[in-house]
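A.B. asks: So that you have it, the file is data-v3.pdb, and it contains PDB, C-alpha atoms and all ligand atoms:
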MODEL        1
ATOM      1  CA  MET A  51      -6.381  45.010   9.167
ATOM      2  CA  LEU A  52      -2.995  44.201   7.641
ATOM      3  CA  ILE A  53      -0.419  46.964   7.167
ATOM      4  CA  ASP A  54       2.681  46.169   5.136
ATOM      5  CA  LEU A  55       5.381  48.063   7.019
ATOM      6  CA  SER A  56       8.036  47.361   4.384
ATOM      7  CA  GLU A  57       6.220  49.934   2.232
ATOM      8  CA  LEU A  58       7.008  52.546   4.882
ATOM      9  CA  LEU A  59      10.761  51.772   4.931
ATOM     10  CA  PRO A  60      11.685  54.524   2.409
ATOM     11  CA  TYR A  61       9.936  57.151   4.547
ATOM     12  CA  GLN A  62      12.370  57.760   7.380
ATOM     13  CA  GLU A  63      11.319  60.001  10.274
ATOM     14  CA  GLY A  64       7.786  59.299   9.150
ATOM     15  CA  GLU A  65       4.547  59.141  11.060
ATOM     16  CA  ARG A  66       1.270  57.724   9.825
ATOM     17  CA  GLU A  67      -2.175  57.308  11.294
ATOM     18  CA  TYR A  68      -4.659  54.608  10.401
ATOM     19  CA  PRO A  69      -8.312  54.403  11.398
ATOM     20  CA  VAL A  70      -8.656  50.848  12.685
ATOM     21  CA  SER A  71     -11.135  48.673  14.513
ATOM     22  CA  TYR A  72     -10.812  45.144  15.835
ATOM     23  CA  GLY A  73     -12.034  42.876  13.048
ATOM     24  CA  LYS A  74     -12.579  39.510  14.704
ATOM     25  CA  GLU A  75     -15.788  38.198  16.255
ATOM     26  CA  MET A  76     -13.984  36.567  19.146
ATOM     27  CA  LEU A  77     -11.408  37.672  21.675
ATOM     28  CA  SER A  78      -9.944  34.389  22.859
ATOM     29  CA  ALA A  79     -13.065  32.445  23.995
ATOM     30  CA  TYR A  80     -15.311  35.502  24.322
ATOM     31  CA  GLU A  81     -17.713  37.065  21.856
ATOM     32  CA  VAL A  82     -16.890  40.636  20.833
ATOM     33  CA  SER A  83     -20.173  42.592  20.868
ATOM     34  CA  SER A  84     -18.741  45.880  19.635
ATOM     35  CA  ALA A  85     -15.382  47.188  18.430
ATOM     36  CA  PRO A  86     -15.295  50.984  18.090
ATOM     37  CA  GLU A  87     -12.872  52.576  15.649
ATOM     38  CA  PHE A  88      -9.646  54.088  17.009
ATOM     39  CA  VAL A  89      -6.470  55.629  15.619
ATOM     40  CA  LEU A  90      -3.358  53.494  15.239
ATOM     41  CA  LYS A  91      -0.162  55.482  14.861
ATOM     42  CA  ILE A  92       2.983  54.122  13.228
ATOM     43  CA  LEU A  93       6.245  55.959  13.746
ATOM     44  CA  HIS A  94       9.273  55.128  11.656
ATOM     45  CA  SER A  95      12.402  56.760  13.035
ATOM     46  CA  ARG A  96      15.144  55.318  10.821
ATOM     47  CA  ASP A  97      16.381  52.076   9.280
ATOM     48  CA  ASN A  98      14.262  49.293  10.762
ATOM     49  CA  ASP A  99      13.212  51.121  13.930
ATOM     50  CA  PHE A 100       9.440  51.251  14.211
ATOM     51  CA  ARG A 101       7.038  52.141  16.971
ATOM     52  CA  VAL A 102       3.312  51.495  17.013
ATOM     53  CA  LEU A 103       0.876  53.346  19.282
ATOM     54  CA  ALA A 104      -2.805  52.643  19.818
ATOM     55  CA  GLU A 105      -5.475  53.159  22.422
ATOM     56  CA  GLY A 106      -9.049  51.941  22.310
ATOM     57  CA  SER A 107     -11.684  49.665  23.741
ATOM     58  CA  LEU A 108     -13.701  46.555  22.984
ATOM     59  CA  ARG A 109     -17.077  45.390  24.308
ATOM     60  CA  VAL A 110     -16.852  41.705  25.151
ATOM     61  CA  MET A 111     -19.406  39.199  26.493
ATOM     62  CA  ILE A 112     -17.997  37.405  29.545
ATOM     63  CA  PRO A 113     -19.937  34.770  31.496
ATOM     64  CA  CYS A 114     -20.958  35.601  35.067
ATOM     65  CA  ALA A 115     -18.746  33.630  37.475
ATOM     66  CA  ARG A 116     -21.816  32.336  39.346
ATOM     67  CA  CYS A 117     -24.684  31.876  36.873
ATOM     68  CA  LEU A 118     -22.756  31.851  33.544
ATOM     69  CA  GLU A 119     -25.085  34.426  31.925
ATOM     70  CA  PRO A 120     -23.018  36.556  29.511
ATOM     71  CA  VAL A 121     -22.243  40.035  30.836
ATOM     72  CA  GLU A 122     -21.091  42.820  28.526
ATOM     73  CA  GLN A 123     -17.786  44.309  29.669
ATOM     74  CA  THR A 124     -15.624  47.122  28.296
ATOM     75  CA  ILE A 125     -12.023  46.063  27.833
ATOM     76  CA  LEU A 126      -9.536  48.895  27.409
ATOM     77  CA  PHE A 127      -6.264  48.418  25.622
ATOM     78  CA  THR A 128      -3.158  50.515  25.130
ATOM     79  CA  ALA A 129      -0.345  49.532  22.814
ATOM     80  CA  ASP A 130       3.085  51.132  22.685
ATOM     81  CA  ARG A 131       5.534  48.787  21.018
ATOM     82  CA  SER A 132       8.934  49.578  19.604
ATOM     83  CA  PHE A 133      10.498  46.944  17.408
ATOM     84  CA  ASP A 134      13.040  46.164  14.736
ATOM     85  CA  LEU A 135      11.255  45.357  11.493
ATOM     86  CA  SER A 136      14.020  43.185  10.024
ATOM     87  CA  SER A 137      14.213  40.843  13.028
ATOM     88  CA  GLY A 138      10.595  41.191  14.226
ATOM     89  CA  LEU A 139      11.873  41.598  17.796
ATOM     90  CA  ASP A 140      10.863  44.316  20.240
ATOM     91  CA  THR A 141      13.275  46.310  22.402
ATOM     92  CA  ASP A 142      13.196  43.535  25.066
ATOM     93  CA  GLY A 143      14.225  40.985  22.451
ATOM     94  CA  ASP A 144      10.794  39.347  22.457
ATOM     95  CA  GLU A 145       9.152  38.245  19.253
ATOM     96  CA  CYS A 146       6.254  40.466  18.125
ATOM     97  CA  VAL A 147       3.291  38.149  17.617
ATOM     98  CA  PHE A 148       1.530  40.815  15.546
ATOM     99  CA  LEU A 149       4.267  40.831  12.874
ATOM    100  CA  THR A 150       4.566  38.321  10.043
ATOM    101  CA  ASP A 151       7.057  38.990   7.252
ATOM    102  CA  LYS A 152       7.061  42.743   7.979
ATOM    103  CA  VAL A 153       3.264  42.879   7.868
ATOM    104  CA  LEU A 154       1.495  44.251  10.934
ATOM    105  CA  ASP A 155      -1.736  42.462  11.859
ATOM    106  CA  THR A 156      -3.703  45.017  13.891
ATOM    107  CA  ASP A 157      -6.118  42.358  15.215
ATOM    108  CA  GLU A 158      -3.209  40.397  16.702
ATOM    109  CA  LEU A 159      -1.795  43.546  18.280
ATOM    110  CA  ILE A 160      -5.148  44.493  19.840
ATOM    111  CA  ALA A 161      -5.871  40.957  21.058
ATOM    112  CA  ASP A 162      -2.404  40.738  22.608
ATOM    113  CA  GLU A 163      -3.016  43.933  24.593
ATOM    114  CA  ALA A 164      -6.717  43.461  25.392
ATOM    115  CA  LEU A 165      -6.269  39.919  26.762
ATOM    116  CA  MET A 166      -4.015  41.277  29.490
ATOM    117  CA  ASN A 167      -6.881  43.513  30.644
ATOM    118  CA  LEU A 168      -9.604  40.870  30.779
ATOM    119  CA  PRO A 169     -11.285  40.885  34.194
ATOM    120  CA  ILE A 170     -10.498  37.774  36.261
ATOM    121  CA  ARG A 171     -14.028  37.501  37.641
ATOM    122  CA  VAL A 172     -17.276  39.028  36.391
ATOM    123  CA  LEU A 173     -20.627  38.989  38.184
ATOM    124  CA  CYS A 174     -23.924  39.850  36.428
ATOM    125  CA  ARG A 175     -25.024  41.589  39.657
ATOM    126  CA  GLU A 176     -23.524  41.826  43.112
ATOM    127  CA  ASN A 177     -26.121  39.506  44.671
ATOM    128  CA  CYS A 178     -26.257  36.977  41.819
ATOM    129  CA  LYS A 179     -27.849  33.830  43.239
ATOM    130  CA  GLY A 180     -25.961  31.530  40.880
ATOM    131  CA  LEU A 181     -27.086  28.093  39.720
ATOM    132  CA  CYS A 182     -28.893  25.412  41.720
ATOM    133  CA  GLU A 183     -26.351  22.736  42.624
ATOM    134  CA  THR A 184     -28.960  20.025  42.107
ATOM    135  CA  CYS A 185     -30.745  20.896  38.844
ATOM    136  CA  GLY A 186     -28.524  23.664  37.382
ATOM    137  CA  ALA A 187     -31.396  26.177  37.099
ATOM    138  CA  ASN A 188     -30.501  29.867  37.186
ATOM    139  CA  LEU A 189     -31.809  30.946  40.615
ATOM    140  CA  ASN A 190     -31.964  34.614  39.546
ATOM    141  CA  HIS A 191     -35.035  33.627  37.512
ATOM    142  CA  GLY A 192     -36.811  32.320  40.621
ATOM    143  CA  PRO A 193     -36.655  29.237  42.828
ATOM    144  CA  CYS A 194     -36.240  25.957  40.944
ATOM    145  CA  GLY A 195     -38.301  23.732  43.211
ATOM    146  CA  CYS A 196     -35.422  21.600  44.506
ATOM    147  CA  GLY A 197     -35.311  21.483  48.305
ATOM    148  CA  GLU A 198     -38.768  23.060  48.630
ATOM    149  CA  LYS A 199     -39.731  20.497  51.245
ATOM    150  CA  GLU A 200     -36.590  21.045  53.257
ATOM    151  CA  THR A 201     -36.263  22.863  56.528
ATOM    152  CA  PRO A 202     -35.925  26.601  55.740
ATOM    153  CA  THR A 203     -39.659  27.257  56.256
ATOM    154  CA  ARG A 204     -39.703  25.148  59.392
ATOM    155  CA  MET A 205     -36.611  26.959  60.629
ATOM    156  CA  ALA A 206     -38.342  30.297  60.023
ATOM    157  CA  GLU A 207     -41.413  29.080  61.853
ATOM    158  CA  ALA A 208     -39.271  27.951  64.784
ATOM    159  CA  ILE A 209     -37.524  31.329  64.952
ATOM    160  CA  MET A 210     -40.856  33.167  64.820
ATOM    161  CA  ALA A 211     -42.191  30.939  67.598
ATOM    162  CA  ALA A 212     -39.101  31.602  69.740
ATOM    163  CA  MET A 213     -39.403  35.351  69.175
ATOM    164  CA  ASN A 214     -43.087  35.306  70.137
ATOM    165  CA  ALA A 215     -42.237  33.306  73.230
ATOM    166  CA  ALA A 216     -39.581  35.871  74.175
ATOM    167  CA  LYS A 217     -42.082  38.716  73.658
ATOM    168  CA  ASN A 218     -44.674  37.026  75.864
ATOM    169  CA  LYS A 219     -42.121  36.718  78.687
ATOM    170  CA  LYS A 220     -41.695  40.504  78.922
TER
HETATM  171 ZN    ZN B   1     -24.887  35.850  37.599
HETATM  172 ZN    ZN B   2     -32.805  23.020  41.548
ENDMDL
END
What is this structure when it is put down as structure tokens?
C.D. replies:
Amino acid sequence: MLIDLSELLPYQEGEREYPVSYGKEMLSAYEVSSAPEFVLKILHSRDNDFRVLAEGSLRVMIPCARCLEPVEQTILFTADRSFDLSSGLDTDGDECVFLTDKVLDTDELIADEALMNLPIRVLCRENCKGLCETCGANLNHGPCGCGEKETPTRMAEAIMAAMNAAKNKK
């Protein structure tokens, strides 16, 4: 949603609320599965001094770090930005990426905040088995067949034999 803040300039000491939801299908490289509506508040104290407040959440599909299956995650965001509308700079002197010619792009604001809260690593389940290094099959769906003739069964047999031998000694 685009909000032309220059239209609010005559209303000093003003406060407005806008029902907003994130409008894009992607957040960076990730698919947005749901974007609930939230309230965006714009405060105009005087002259070019503006402050924008927002708090909400997005549901985003993020690939599992082991098997790459998409996992739905809730990303929370909180925005509290004070800026000068004429310069487009915030109180730290940084450029506000969500402002273009005095127009506020709510999607840019939300993306800017939500990206900071993206989890570094997501697992589909705690004991995700990941992908087979040989054939790339998802091992959560069952064994892929690679390495079937290798030693694990023989190892197990050897251990069983050793345990039986130990039992017989007693
Ligand atoms: Zn996984
Ligand atoms: Zn395999």
A.B. asks: Run the PyMOL selection byres (((not hetatm)) within 12 of (chain B and resi 1)) on the file and write out the hits as a list in words.
C.D. replies: Ile112, Pro113, Cys114, Ala115, Arg116, Cys117, Leu118, Glu119, Pro120, Val121, Arg171, Val172, Leu173, Cys174, Arg175, Glu176, Asn177, Cys178, Lys179, Gly180, Leu181, Cys182, Ala187, Asn188, Leu189, Asn190 and His191 of chain A
A.B. asks: Give me, as CSV, each residue of chain A that comes within 8 Å of ligand ZN 2 (chain B), together with its shortest interatomic pair and the distance in Å at one decimal, counting only C-alpha atoms and all ligand atoms, with rows ordered by chain and rising residue number.
C.D. replies:
residue,atom,partner,partner_atom,distance
A:Leu181,CA,B:ZN2,ZN,7.9
A:Cys182,CA,B:ZN2,ZN,4.6
A:Glu183,CA,B:ZN2,ZN,6.5
A:Thr184,CA,B:ZN2,ZN,4.9
A:Cys185,CA,B:ZN2,ZN,4.0
A:Gly186,CA,B:ZN2,ZN,6.0
A:Ala187,CA,B:ZN2,ZN,5.6
A:Pro193,CA,B:ZN2,ZN,7.4
A:Cys194,CA,B:ZN2,ZN,4.6
A:Gly195,CA,B:ZN2,ZN,5.8
A:Cys196,CA,B:ZN2,ZN,4.2
A:Gly197,CA,B:ZN2,ZN,7.4
A.B. asks: State, in Å with one decimal place, the distance from CA of Asp144 (chain A) to CA of Glu158 (chain A).
C.D. replies: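 Here the two named atoms are 15.2 Å from each other.
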A.B. asks: Between CA of Ser78 (chain A) and CA of Leu149 (chain A), measure the distance and give it in Å to one decimal.
C.D. replies: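 Separating CA of Ser78 (chain A) from CA of Leu149 (chain A) is a distance of 18.5 Å.
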A.B. asks: Please provide as a list in words all residues within 8 Å of Val89 (chain A), with the sequence filter that same-chain residues fewer than 3 positions apart are discarded (counting all atoms listed in the file).
C.D. replies: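 Result of the neighbour search: Glu67, Tyr68, Pro69, Val70, Ala104 and Glu105 of chain A.
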A.B. asks: If you count all atoms listed in the file, which residues fall within 7 Å of Asp157 (chain A), apart from same-chain ones fewer than 2 positions away, as a short mmCIF file (atom, residue, chain, number, x, y, z; two decimals) with C-alpha atoms, keeping the file's coordinate frame?
C.D. replies:
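Result went into around10.cif, see below:
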data_model
loop_
_atom_site.label_atom_id
_atom_site.label_comp_id
_atom_site.auth_asym_id
_atom_site.auth_seq_id
_atom_site.Cartn_x
_atom_site.Cartn_y
_atom_site.Cartn_z
CA MET A 51 -6.38 45.01 9.17
CA TYR A 72 -10.81 45.14 15.84
CA GLY A 73 -12.03 42.88 13.05
CA ASP A 155 -1.74 42.46 11.86
CA LEU A 159 -1.80 43.55 18.28
CA ILE A 160 -5.15 44.49 19.84
CA ALA A 161 -5.87 40.96 21.06
#
A.B. asks: Complete the atoms of region 112-135 of chain A to N, CA and C atoms and put them out as an mmCIF file, keeping the file's coordinate frame.
C.D. replies:
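Here's the written file rebuild34.cif:
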data_model
loop_
_atom_site.group_PDB
_atom_site.id
_atom_site.type_symbol
_atom_site.label_atom_id
_atom_site.label_comp_id
_atom_site.auth_asym_id
_atom_site.auth_seq_id
_atom_site.Cartn_x
_atom_site.Cartn_y
_atom_site.Cartn_z
ATOM 1 N N ILE A 112 -18.708 38.322 28.655
ATOM 2 C CA ILE A 112 -17.997 37.405 29.545
ATOM 3 C C ILE A 112 -19.003 36.752 30.490
ATOM 4 N N PRO A 113 -18.949 35.432 30.630
ATOM 5 C CA PRO A 113 -19.937 34.770 31.496
ATOM 6 C C PRO A 113 -19.785 35.151 32.969
ATOM 7 N N CYS A 114 -20.937 35.340 33.625
ATOM 8 C CA CYS A 114 -20.958 35.601 35.067
ATOM 9 C C CYS A 114 -20.305 34.405 35.782
ATOM 10 N N ALA A 115 -19.480 34.693 36.778
ATOM 11 C CA ALA A 115 -18.746 33.630 37.475
ATOM 12 C C ALA A 115 -19.673 32.708 38.257
ATOM 13 N N ARG A 116 -20.895 33.167 38.563
ATOM 14 C CA ARG A 116 -21.816 32.336 39.346
ATOM 15 C C ARG A 116 -22.884 31.676 38.494
ATOM 16 N N CYS A 117 -23.538 32.445 37.603
ATOM 17 C CA CYS A 117 -24.684 31.876 36.873
ATOM 18 C C CYS A 117 -24.391 31.651 35.389
ATOM 19 N N LEU A 118 -23.206 32.070 34.933
ATOM 20 C CA LEU A 118 -22.756 31.851 33.544
ATOM 21 C C LEU A 118 -23.508 32.668 32.499
ATOM 22 N N GLU A 119 -24.423 33.540 32.895
ATOM 23 C CA GLU A 119 -25.085 34.426 31.925
ATOM 24 C C GLU A 119 -24.032 35.389 31.378
ATOM 25 N N PRO A 120 -24.013 35.626 30.052
ATOM 26 C CA PRO A 120 -23.018 36.556 29.511
ATOM 27 C C PRO A 120 -23.254 37.990 29.994
ATOM 28 N N VAL A 121 -22.186 38.659 30.356
ATOM 29 C CA VAL A 121 -22.243 40.035 30.836
ATOM 30 C C VAL A 121 -21.348 40.868 29.925
ATOM 31 N N GLU A 122 -21.885 41.986 29.421
ATOM 32 C CA GLU A 122 -21.091 42.820 28.526
ATOM 33 C C GLU A 122 -20.104 43.664 29.333
ATOM 34 N N GLN A 123 -18.836 43.592 28.954
ATOM 35 C CA GLN A 123 -17.786 44.309 29.669
ATOM 36 C C GLN A 123 -16.982 45.144 28.681
ATOM 37 N N THR A 124 -16.510 46.316 29.126
ATOM 38 C CA THR A 124 -15.624 47.122 28.296
ATOM 39 C C THR A 124 -14.181 46.773 28.637
ATOM 40 N N ILE A 125 -13.430 46.395 27.636
ATOM 41 C CA ILE A 125 -12.023 46.063 27.833
ATOM 42 C C ILE A 125 -11.186 47.157 27.175
ATOM 43 N N LEU A 126 -10.397 47.843 27.956
ATOM 44 C CA LEU A 126 -9.536 48.895 27.409
ATOM 45 C C LEU A 126 -8.198 48.289 27.003
ATOM 46 N N PHE A 127 -7.608 48.854 25.979
ATOM 47 C CA PHE A 127 -6.264 48.418 25.622
ATOM 48 C C PHE A 127 -5.403 49.605 25.223
ATOM 49 N N THR A 128 -4.138 49.506 25.516
ATOM 50 C CA THR A 128 -3.158 50.515 25.130
ATOM 51 C C THR A 128 -1.951 49.786 24.579
ATOM 52 N N ALA A 129 -1.539 50.151 23.390
ATOM 53 C CA ALA A 129 -0.345 49.532 22.814
ATOM 54 C C ALA A 129 0.721 50.598 22.604
ATOM 55 N N ASP A 130 1.934 50.285 22.980
ATOM 56 C CA ASP A 130 3.085 51.132 22.685
ATOM 57 C C ASP A 130 4.267 50.179 22.516
ATOM 58 N N ARG A 131 4.500 49.785 21.285
ATOM 59 C CA ARG A 131 5.534 48.787 21.018
ATOM 60 C C ARG A 131 6.582 49.351 20.073
ATOM 61 N N SER A 132 7.817 49.217 20.475
ATOM 62 C CA SER A 132 8.934 49.578 19.604
ATOM 63 C C SER A 132 9.600 48.290 19.161
ATOM 64 N N PHE A 133 9.924 48.205 17.891
ATOM 65 C CA PHE A 133 10.498 46.944 17.408
ATOM 66 C C PHE A 133 11.389 47.184 16.193
ATOM 67 N N ASP A 134 12.163 46.158 15.900
ATOM 68 C CA ASP A 134 13.040 46.164 14.736
ATOM 69 C C ASP A 134 12.336 45.365 13.639
ATOM 70 N N LEU A 135 12.065 46.013 12.529
ATOM 71 C CA LEU A 135 11.255 45.357 11.493
ATOM 72 C C LEU A 135 11.986 44.184 10.845
#
